[in-house]
$ cat run_31.cif   # mmCIF, C-alpha atoms
data_final
loop_
_atom_site.label_atom_id
_atom_site.label_comp_id
_atom_site.auth_asym_id
_atom_site.auth_seq_id
_atom_site.Cartn_x
_atom_site.Cartn_y
_atom_site.Cartn_z
CA ALA A 1 35.38 -38.69 26.96
CA TRP A 2 35.23 -39.56 23.25
CA GLU A 3 36.92 -42.91 23.87
CA ASP A 4 34.63 -43.70 26.81
CA LEU A 5 31.52 -42.84 24.82
CA PHE A 6 32.62 -45.10 21.97
CA VAL A 7 33.36 -48.03 24.29
CA ILE A 8 30.03 -47.67 26.11
CA THR A 9 28.14 -47.64 22.80
CA LEU A 10 30.14 -50.62 21.56
CA LEU A 11 29.36 -52.64 24.67
CA ILE A 12 25.66 -51.74 24.55
CA ARG A 13 25.48 -52.90 20.95
CA LEU A 14 27.22 -56.18 21.74
CA ILE A 15 25.17 -56.92 24.84
CA SER A 16 21.93 -56.18 22.98
CA HIS A 17 23.06 -58.18 19.90
CA ARG A 18 22.93 -55.19 17.58
CA PHE A 19 25.87 -55.26 15.20
CA ASP A 20 26.66 -52.45 12.78
CA ARG A 21 27.32 -53.05 9.09
CA ARG A 22 30.19 -50.56 9.00
CA LEU A 23 31.86 -50.28 12.40
CA LEU A 24 30.96 -53.68 13.82
CA PRO A 25 30.47 -55.94 10.78
CA LEU A 26 30.06 -59.31 12.48
CA ASP A 27 28.13 -62.17 10.89
CA GLU A 28 24.85 -62.59 12.75
CA ASP A 29 24.68 -66.27 11.79
CA VAL A 30 28.14 -67.00 13.17
CA TYR A 31 27.52 -64.93 16.31
CA ALA A 32 23.89 -65.82 16.92
CA ASP A 33 24.59 -66.70 20.55
CA TYR A 34 27.73 -65.42 22.24
CA GLU A 35 29.18 -64.03 25.45
CA VAL A 36 30.75 -60.61 25.90
CA SER A 37 33.70 -59.67 28.09
CA PHE A 38 35.50 -56.42 28.86
CA ASN A 39 39.25 -56.28 29.60
CA LYS A 40 39.10 -59.84 30.90
CA TYR A 41 40.90 -62.46 28.84
CA ILE A 42 44.47 -61.24 28.99
CA MET A 43 47.54 -62.57 30.73
CA TYR A 44 49.39 -60.38 33.22
CA ASP A 45 52.94 -61.70 33.12
CA THR A 46 54.29 -58.61 34.83
CA GLY A 47 52.00 -58.99 37.82
CA GLU A 48 50.64 -55.54 37.11
CA SER A 49 47.40 -54.34 35.56
CA LEU A 50 46.26 -53.65 32.03
CA SER A 51 48.27 -50.44 32.05
CA ALA A 52 51.51 -52.45 31.93
CA TYR A 53 51.04 -52.96 28.19
CA ILE A 54 52.17 -50.34 25.68
CA ASN A 55 52.95 -52.30 22.51
CA VAL A 56 50.16 -53.78 20.40
CA ASP A 57 52.01 -56.97 19.51
CA GLU A 58 52.76 -57.81 23.17
CA PHE A 59 49.19 -56.96 24.07
CA ILE A 60 47.68 -59.27 21.45
CA ARG A 61 50.04 -62.12 22.28
CA ALA A 62 48.88 -61.84 25.89
CA PHE A 63 45.26 -62.59 24.96
CA THR A 64 43.99 -65.77 26.62
CA THR A 65 41.32 -68.16 25.39
CA PRO A 66 37.76 -67.51 26.56
CA GLU A 67 35.99 -70.28 28.43
CA ASP A 68 33.13 -70.61 25.95
CA PHE A 69 32.57 -69.95 22.24
CA PRO A 70 31.47 -67.94 20.42
CA HIS A 71 32.82 -65.02 22.40
CA ILE A 72 33.41 -61.31 21.76
CA ALA A 73 36.03 -59.62 23.92
CA VAL A 74 36.42 -55.85 24.12
CA TYR A 75 39.79 -54.47 25.19
CA PHE A 76 40.25 -50.86 26.27
CA PRO A 77 43.98 -50.36 27.02
CA THR A 78 44.50 -47.93 29.87
CA HIS A 79 48.07 -46.80 29.24
CA ALA A 80 48.15 -43.23 27.93
CA GLN A 81 50.92 -44.12 25.45
CA PHE A 82 49.41 -47.36 24.18
CA GLU A 83 50.43 -47.90 20.58
CA THR A 84 48.17 -47.11 17.60
CA PHE A 85 44.79 -48.35 18.86
CA ASP A 86 42.40 -47.12 21.53
CA VAL A 87 40.02 -50.09 21.41
CA ILE A 88 40.44 -53.66 20.17
CA VAL A 89 37.64 -56.16 19.62
CA ALA A 90 38.49 -59.87 19.49
CA ALA A 91 35.65 -61.94 18.07
CA CYS A 92 36.00 -65.73 18.49
CA ASP A 93 33.65 -67.93 16.46
CA LYS A 94 32.26 -71.33 17.47
CA ARG A 95 35.57 -73.02 16.68
CA GLY A 96 37.61 -70.47 18.60
CA LYS A 97 39.02 -68.73 15.53
CA ARG A 98 39.81 -65.15 16.50
CA THR A 99 39.13 -62.10 14.32
CA LEU A 100 40.46 -58.72 15.43
CA TYR A 101 39.11 -55.23 14.83
CA GLY A 102 41.17 -52.19 15.79
CA TYR A 103 39.82 -48.70 16.46
CA GLN A 104 41.81 -45.48 16.63
CA LEU A 105 39.71 -42.67 18.12
CA LYS A 106 40.34 -38.95 17.87
CA GLN A 107 37.97 -36.24 18.99
CA GLY A 108 38.80 -33.94 16.07
CA ALA A 109 39.82 -34.62 12.49
CA GLY A 110 43.45 -35.45 13.27
CA ASP A 111 45.72 -37.42 11.00
CA VAL A 112 45.77 -41.18 11.17
CA THR A 113 48.63 -42.55 13.25
CA PRO A 114 50.57 -44.83 10.90
CA LEU A 115 51.28 -48.45 11.75
CA ASN A 116 54.87 -49.00 12.76
CA PRO A 117 56.82 -51.23 10.31
CA PHE A 118 56.98 -54.18 12.70
CA LEU A 119 53.27 -54.11 13.46
CA LYS A 120 52.43 -53.75 9.78
CA ARG A 121 54.69 -56.66 8.88
CA ASP A 122 53.18 -58.98 11.50
CA TRP A 123 49.69 -57.77 10.71
CA LEU A 124 50.07 -58.57 7.01
CA ARG A 125 51.90 -61.84 7.62
CA ASP A 126 49.71 -63.24 10.38
CA LYS A 127 46.56 -61.33 9.41
CA TRP A 128 46.00 -60.21 12.98
CA PHE A 129 43.42 -57.57 12.16
CA HIS A 130 40.48 -58.10 9.84
CA ARG A 131 39.78 -54.34 9.73
CA ILE A 132 41.20 -51.24 11.34
CA TYR A 133 39.20 -48.05 11.75
CA ALA A 134 40.13 -44.41 12.29
CA VAL A 135 37.02 -43.02 13.97
CA ARG A 136 36.99 -39.23 14.03
CA GLY A 137 34.76 -36.86 15.94
CA LYS A 138 34.97 -34.57 12.90
CA ALA A 139 34.40 -37.27 10.33
CA PRO A 140 34.05 -36.86 6.56
CA SER A 141 30.57 -35.52 5.90
CA LYS A 142 29.69 -37.48 2.78
CA SER A 143 31.73 -40.49 1.74
CA SER A 144 33.88 -42.65 3.95
CA GLU A 145 37.57 -42.75 3.15
CA ILE A 146 40.29 -45.35 3.00
CA THR A 147 43.75 -44.06 3.88
CA GLY A 148 46.33 -46.77 3.40
CA ASP A 149 45.14 -49.64 5.57
CA TRP A 150 42.67 -47.52 7.53
CA ILE A 151 38.92 -47.21 7.08
CA ILE A 152 37.64 -43.74 8.05
CA PRO A 153 33.84 -43.88 8.53
CA ASN A 154 31.84 -40.86 7.46
CA GLU A 155 29.50 -38.84 9.63
CA PRO A 156 26.26 -40.70 8.70
CA GLU A 157 27.95 -44.03 9.46
CA ILE A 158 29.14 -42.78 12.85
CA ASN A 159 25.68 -41.41 13.65
CA ALA A 160 24.15 -44.76 12.72
CA PHE A 161 26.56 -46.52 15.05
CA PHE A 162 25.71 -44.27 18.00
CA GLY A 163 21.98 -44.30 17.29
CA MET A 164 19.38 -41.55 17.62
CA SER A 165 20.23 -40.74 21.24
CA GLY A 166 23.97 -41.37 21.20
CA GLN A 167 24.70 -39.19 18.19
CA ARG A 168 23.63 -36.16 20.23
CA TRP A 169 26.73 -36.66 22.38
CA THR A 170 29.39 -36.97 19.69
CA PRO A 171 32.20 -34.36 19.39
CA ARG A 172 30.57 -32.74 16.36
CA ARG A 173 27.50 -32.10 18.50
CA TRP A 174 29.72 -30.70 21.27
CA ALA A 175 31.08 -28.15 18.81
CA GLU A 176 27.56 -27.15 17.76
CA LEU A 177 26.56 -26.61 21.37
CA ASP A 178 29.65 -24.46 21.97
CA ARG A 179 28.64 -22.19 19.10
CA GLN A 180 25.18 -21.58 20.49
CA PRO A 181 24.79 -18.35 22.50
CA ARG A 182 24.38 -18.90 26.20
CA ARG A 183 21.49 -17.19 27.92
CA GLN A 184 22.21 -15.78 31.33
CA THR A 185 19.39 -15.10 33.73
CA LYS A 186 19.57 -13.33 37.04
CA SER A 187 17.13 -14.00 39.81
CA LYS A 188 16.87 -12.40 43.22
CA PRO A 189 17.26 -14.94 46.01
CA SER A 190 14.23 -15.27 48.22
CA ALA A 191 14.18 -14.85 51.98
CA ALA A 192 13.82 -18.61 52.35
CA ALA A 193 16.95 -19.08 50.30
CA ASP A 194 18.81 -16.64 52.56
CA ASP A 195 17.79 -18.74 55.55
CA VAL A 196 19.15 -21.89 53.89
CA VAL A 197 22.46 -20.18 53.14
CA GLU A 198 22.75 -18.99 56.74
CA GLU A 199 21.97 -22.44 58.08
CA ALA A 200 24.43 -24.10 55.72
CA SER A 201 27.22 -21.71 56.70
CA ALA A 202 26.67 -22.53 60.36
CA THR A 203 26.78 -26.30 59.75
CA PRO A 204 30.20 -28.04 59.72
CA LYS A 205 31.18 -29.24 56.25
CA MET A 206 31.37 -32.97 55.65
CA VAL A 207 34.50 -34.11 53.82
CA THR A 208 34.28 -37.36 51.92
CA GLY A 209 37.20 -39.22 50.47
CA GLY A 210 37.78 -42.16 48.20
CA LYS A 211 40.31 -43.86 46.06
CA LYS A 212 41.39 -41.99 42.99
CA GLY A 213 41.22 -43.97 39.79
CA ARG A 214 44.06 -44.23 37.33
CA PRO A 215 43.96 -41.24 34.97
CA LYS A 216 42.57 -42.00 31.53
CA LYS A 217 44.41 -41.18 28.38
#
$ encode --input "run_31.cif" --output "structure tokens"
Amino acid sequence: AWEDLFVITLLIRLISHRFDRRLLPLDEDVYADYEVSFNKYIMYDTGESLSAYINVDEFIRAFTTPEDFPHIAVYFPTHAQFETFDVIVAACDKRGKRTLYGYQLKQGAGDVTPLNPFLKRDWLRDKWFHRIYAVRGKAPSKSSEITGDWIIPNEPEINAFFGMSGQRWTPRRWAELDRQPRRQTKSKPSAAADDVVEEASATPKMVTGGKKGRPKK
């Protein structure tokens, strides 16, 4: 749920042309007019879906070139064991130069997953990622932190990213709601309600079916 909420907010910001100085620091002059895509420009050599990819380096090398520039592509890998990142943003400027932003999302305050040596080597050599973020549901309350190569945004920065409405649905808010006492009320069902129950029990149940989606990580 935390990953889905982040991706939805990210897409809303991109579609509405509302960058964020901390978590989405794109140049408004460079990206004054652009297109947005979601899990689109990637090559499927295996003939399978997005879930075929587990390694970051293979995933990035499979990126294809968008049809028009500038372009901002959002990738949300679906494999539960996908390496290091939960979300990757590939921003291509007017000349097609690609800049990558990686996001690692954890609902709590968990430790940052370190970059494997091969990814770190290629990242430093080829400068794949411009910035990488460790976005935590239980973020630092005051100042943001930098742990190794990772930027860990603080709570005010995360709230600013989600906006006035979205910040009410972050994991920290979930925890606050869990701590609030629940009020239980009992009401006596009316005679009309009894009639509805009787009628419903006498009516055959309708069973609906549908395709089950691939489980999320």
$ closest_residue --input "run_31.cif" --among "A:Ala80, A:Val112, A:Ile132, A:Ile42" --to "A:Leu24" --atoms "only C-alpha atoms"
A:Ile132
$ atom_distance --input "run_31.cif" --atom1 "atom CA of A:Leu5" --atom2 "atom CA of A:Trp128"
25.5 Å
$ atom_distance --input "run_31.cif" --atom1 "atom CA of A:Glu67" --atom2 "atom CA of A:Arg22"
28.3 Å
$ residues_around --input "run_31.cif" --residues "A:Ile54" --least-positions-apart "3" --cutoff "12 Å" --atoms "all atoms listed in the file" --output "PyMOL selection string"
chain A and resi 49-51+57-60+62+76-86
$ write_last_selection --input "run_31.cif" --atoms "C-alpha atoms" --output "PDB file, in the coordinates of the input"
ATOM      1  CA  SER A  49      47.400 -54.340  35.560  1.00  0.00           C
ATOM      2  CA  LEU A  50      46.260 -53.650  32.030  1.00  0.00           C
ATOM      3  CA  SER A  51      48.270 -50.440  32.050  1.00  0.00           C
ATOM      4  CA  ASP A  57      52.010 -56.970  19.510  1.00  0.00           C
ATOM      5  CA  GLU A  58      52.760 -57.810  23.170  1.00  0.00           C
ATOM      6  CA  PHE A  59      49.190 -56.960  24.070  1.00  0.00           C
ATOM      7  CA  ILE A  60      47.680 -59.270  21.450  1.00  0.00           C
ATOM      8  CA  ALA A  62      48.880 -61.840  25.890  1.00  0.00           C
ATOM      9  CA  PHE A  76      40.250 -50.860  26.270  1.00  0.00           C
ATOM     10  CA  PRO A  77      43.980 -50.360  27.020  1.00  0.00           C
ATOM     11  CA  THR A  78      44.500 -47.930  29.870  1.00  0.00           C
ATOM     12  CA  HIS A  79      48.070 -46.800  29.240  1.00  0.00           C
ATOM     13  CA  ALA A  80      48.150 -43.230  27.930  1.00  0.00           C
ATOM     14  CA  GLN A  81      50.920 -44.120  25.450  1.00  0.00           C
ATOM     15  CA  PHE A  82      49.410 -47.360  24.180  1.00  0.00           C
ATOM     16  CA  GLU A  83      50.430 -47.900  20.580  1.00  0.00           C
ATOM     17  CA  THR A  84      48.170 -47.110  17.600  1.00  0.00           C
ATOM     18  CA  PHE A  85      44.790 -48.350  18.860  1.00  0.00           C
ATOM     19  CA  ASP A  86      42.400 -47.120  21.530  1.00  0.00           C
TER      20      ASP A  86
END
$ atom_distance --input "run_31.cif" --atom1 "atom CA of A:Lys97" --atom2 "atom CA of A:Pro153"
26.3 Å
$ residues_around --input "run_31.cif" --residues "A:Glu155" --least-positions-apart "4" --cutoff "8 Å" --atoms "all atoms listed in the file" --output "ChimeraX atom specification"
/A:138-142,159
$ closest_residue --input "run_31.cif" --among "A:Asp149, A:Asp27, A:Glu35, A:Asp111" --to "A:Leu14" --atoms "only C-alpha atoms"
A:Glu35
$ residues_around --input "run_31.cif" --residues "A:Ile8" --least-positions-apart "3" --cutoff "12 Å" --atoms "all atoms listed in the file" --output "list in words"
Ala1, Trp2, Glu3, Asp4, Leu5, Leu11, Ile12, Arg13, Leu14, Ile15, Phe38, Val74, Tyr75, Phe76, Val87, Phe161, Phe162 and Gly166 of chain A
$ closest_residue --input "run_31.cif" --among "A:Tyr103, A:Val7, A:Arg136, A:Pro70" --to "A:Glu28" --atoms "all atoms listed in the file"
A:Pro70
$ resolve_selection --input "run_31.cif" --expression "the PyMOL selection byres ((chain A and resi 31-33) around 9)" --output "list in words"
His17, Leu26, Asp27, Glu28, Asp29, Val30, Tyr34, Glu35, Phe69, Pro70, His71, Ile72, Ala91, Cys92, Asp93 and Lys94 of chain A
$ residues_around --input "run_31.cif" --residues "A:Val89" --least-positions-apart "2" --cutoff "6 Å" --atoms "all atoms listed in the file" --output "PyMOL selection string"
chain A and resi 73-74+100-101
$ closest_residue --input "run_31.cif" --among "A:Leu105, A:Ala134, A:Ala160, A:Ala90" --to "A:Phe63" --atoms "all atoms listed in the file"
A:Ala90
$ closest_residue --input "run_31.cif" --among "A:Arg21, A:Arg95, A:Arg131, A:Lys40" --to "A:Ile146" --atoms "all atoms listed in the file"
A:Arg131
$ closest_residue --input "run_31.cif" --among "A:Ser16, A:Thr99, A:Thr9, A:Asn55" --to "A:Ile158" --atoms "only C-alpha atoms"
A:Thr9
